[in-house]
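Working notes for the structure below.
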Amino acid sequence: MDTSAYKTKLDTLYTDIVSELSDIAVHNPTTDDWEVKMPELNEADESLLADAAEAADERIAELDALETRYRSITRALAKIEAGTFGICEISGAPIENDRLAVNPEARTCKAHMDQESELPM
């Protein structure tokens, strides 16, 4: 399989997701985890603290979704390097080209799409 087009698309997705993550989080290169940036509060006003807590909850939820996508993209890029890109992680069958065209991060073929979310991160 020629993976050059998929690699180009994944590289672009990687750049975009890192940019989004950098807006709300700091990357720890040792663990490859992202840690949410919390705003500093200089005042102890209860309404400001409540607003900050709500904003923090929203950032944490956003970070979780973005970090999941980040992991999917980096996994797909690593598979290209390892020569295992486009192989279903459940059956070992090739992942259909039309599926990869829509989602180059796909880990399963169409027959196992419903099981993909059950795979370990």
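Scheme for the structure tokens: letters A, B, ... for chains in order shown; per-chain residue numbers from 1; ligand numbers from 1 in order shown.
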
Quick check for you: according to DSSP on this backbone, which residues of chain A are classed as helix (DSSP H, G or I)? Reply as a short mmCIF file (atom, residue, chain, number, x, y, z; two decimals) with C-alpha atoms, in the first residue's frame.
data_model
loop_
_atom_site.label_atom_id
_atom_site.label_comp_id
_atom_site.auth_asym_id
_atom_site.auth_seq_id
_atom_site.Cartn_x
_atom_site.Cartn_y
_atom_site.Cartn_z
CA SER A 4 2.40 8.73 1.20
CA ALA A 5 -0.98 10.45 0.77
CA TYR A 6 -2.16 9.17 4.16
CA LYS A 7 1.08 10.33 5.79
CA THR A 8 0.65 13.80 4.32
CA LYS A 9 -2.93 14.00 5.56
CA LEU A 10 -1.97 12.67 9.01
CA ASP A 11 0.95 15.11 9.26
CA THR A 12 -1.48 17.97 8.60
CA LEU A 13 -3.94 16.60 11.17
CA TYR A 14 -1.07 16.26 13.65
CA THR A 15 -0.02 19.88 13.20
CA ASP A 16 -3.62 21.03 13.63
CA ILE A 17 -4.28 18.97 16.76
CA VAL A 18 -1.02 20.04 18.42
CA SER A 19 -1.97 23.66 17.76
CA GLU A 20 -5.40 23.14 19.33
CA LEU A 21 -3.92 21.32 22.30
CA SER A 22 -1.29 24.01 22.82
CA ASP A 23 -4.05 26.59 23.25
CA ILE A 24 -5.44 24.83 26.32
CA GLU A 46 -16.81 33.29 45.08
CA SER A 47 -18.45 34.01 41.74
CA LEU A 48 -15.05 34.27 40.04
CA LEU A 49 -13.99 30.99 41.64
CA ALA A 50 -17.20 29.33 40.48
CA ASP A 51 -16.68 30.65 36.93
CA ALA A 52 -13.07 29.45 36.98
CA ALA A 53 -14.12 25.99 38.17
CA GLU A 54 -16.70 25.75 35.39
CA ALA A 55 -14.15 26.89 32.81
CA ALA A 56 -11.65 24.34 34.13
CA ASP A 57 -14.21 21.53 33.79
CA GLU A 58 -14.87 22.58 30.19
CA ARG A 59 -11.15 22.68 29.40
CA ILE A 60 -10.60 19.26 30.93
CA ALA A 61 -13.41 17.78 28.82
CA GLU A 62 -12.05 19.48 25.70
CA LEU A 63 -8.54 18.28 26.51
CA ASP A 64 -9.76 14.70 26.89
CA ALA A 65 -11.35 14.74 23.43
CA LEU A 66 -8.35 16.44 21.79
CA GLU A 67 -5.85 14.14 23.49
CA THR A 68 -7.77 11.07 22.29
CA ARG A 69 -7.56 12.42 18.74
CA TYR A 70 -3.86 13.23 19.22
CA ARG A 71 -3.19 9.64 20.29
CA SER A 72 -5.11 8.29 17.27
CA ILE A 73 -3.09 10.42 14.88
CA THR A 74 0.27 9.57 16.45
CA ARG A 75 -0.66 5.86 16.46
CA ALA A 76 -1.51 5.99 12.74
CA LEU A 77 1.78 7.77 11.95
CA ALA A 78 3.70 5.16 13.96
CA LYS A 79 1.93 2.41 12.01
CA ILE A 80 3.06 3.98 8.75
CA GLU A 81 6.65 3.92 10.02
CA ALA A 82 6.27 0.30 11.20
CA ASN A 97 -9.35 2.35 1.11
CA ASP A 98 -12.62 4.30 1.24
CA ARG A 99 -12.62 3.98 5.06
CA LEU A 100 -9.03 5.19 5.29
CA ALA A 101 -9.77 8.05 2.90
CA VAL A 102 -12.44 9.35 5.28
CA LYS A 110 -15.63 -1.86 8.19
CA ALA A 111 -16.71 -5.22 9.59
CA HIS A 112 -15.21 -4.32 12.98
CA MET A 113 -15.99 -0.58 13.09
CA ASP A 114 -18.37 -1.03 16.02
CA GLN A 115 -15.61 -2.66 18.07
CA GLU A 116 -12.97 0.01 17.44
CA SER A 117 -13.91 2.04 20.52
CA GLU A 118 -13.28 -1.04 22.67
#

- Calculate how many Å separate CA of Ala25 (chain A) from CA of Lys37 (chain A), rounding to one decimal.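 Computed distance, CA of Ala25 (chain A) to CA of Lys37 (chain A), equals 4.8 Å.
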
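Picture a line from CA of Glu35 (chain A) to CA of Glu105 (chain A); it runs 23.1 Å.
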
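The space between CA of Arg107 (chain A) and CA of Thr31 (chain A) spans 22.9 Å.
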
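The protein and nucleic acid residues lying at most 10 Å from Glu96 (chain A) are Gly86, Ile87, Cys88, Ala106, Thr108, Cys109, Lys110 and Ala111 of chain A, with only C-alpha atoms considered and sequence neighbours fewer than 6 positions away removed.
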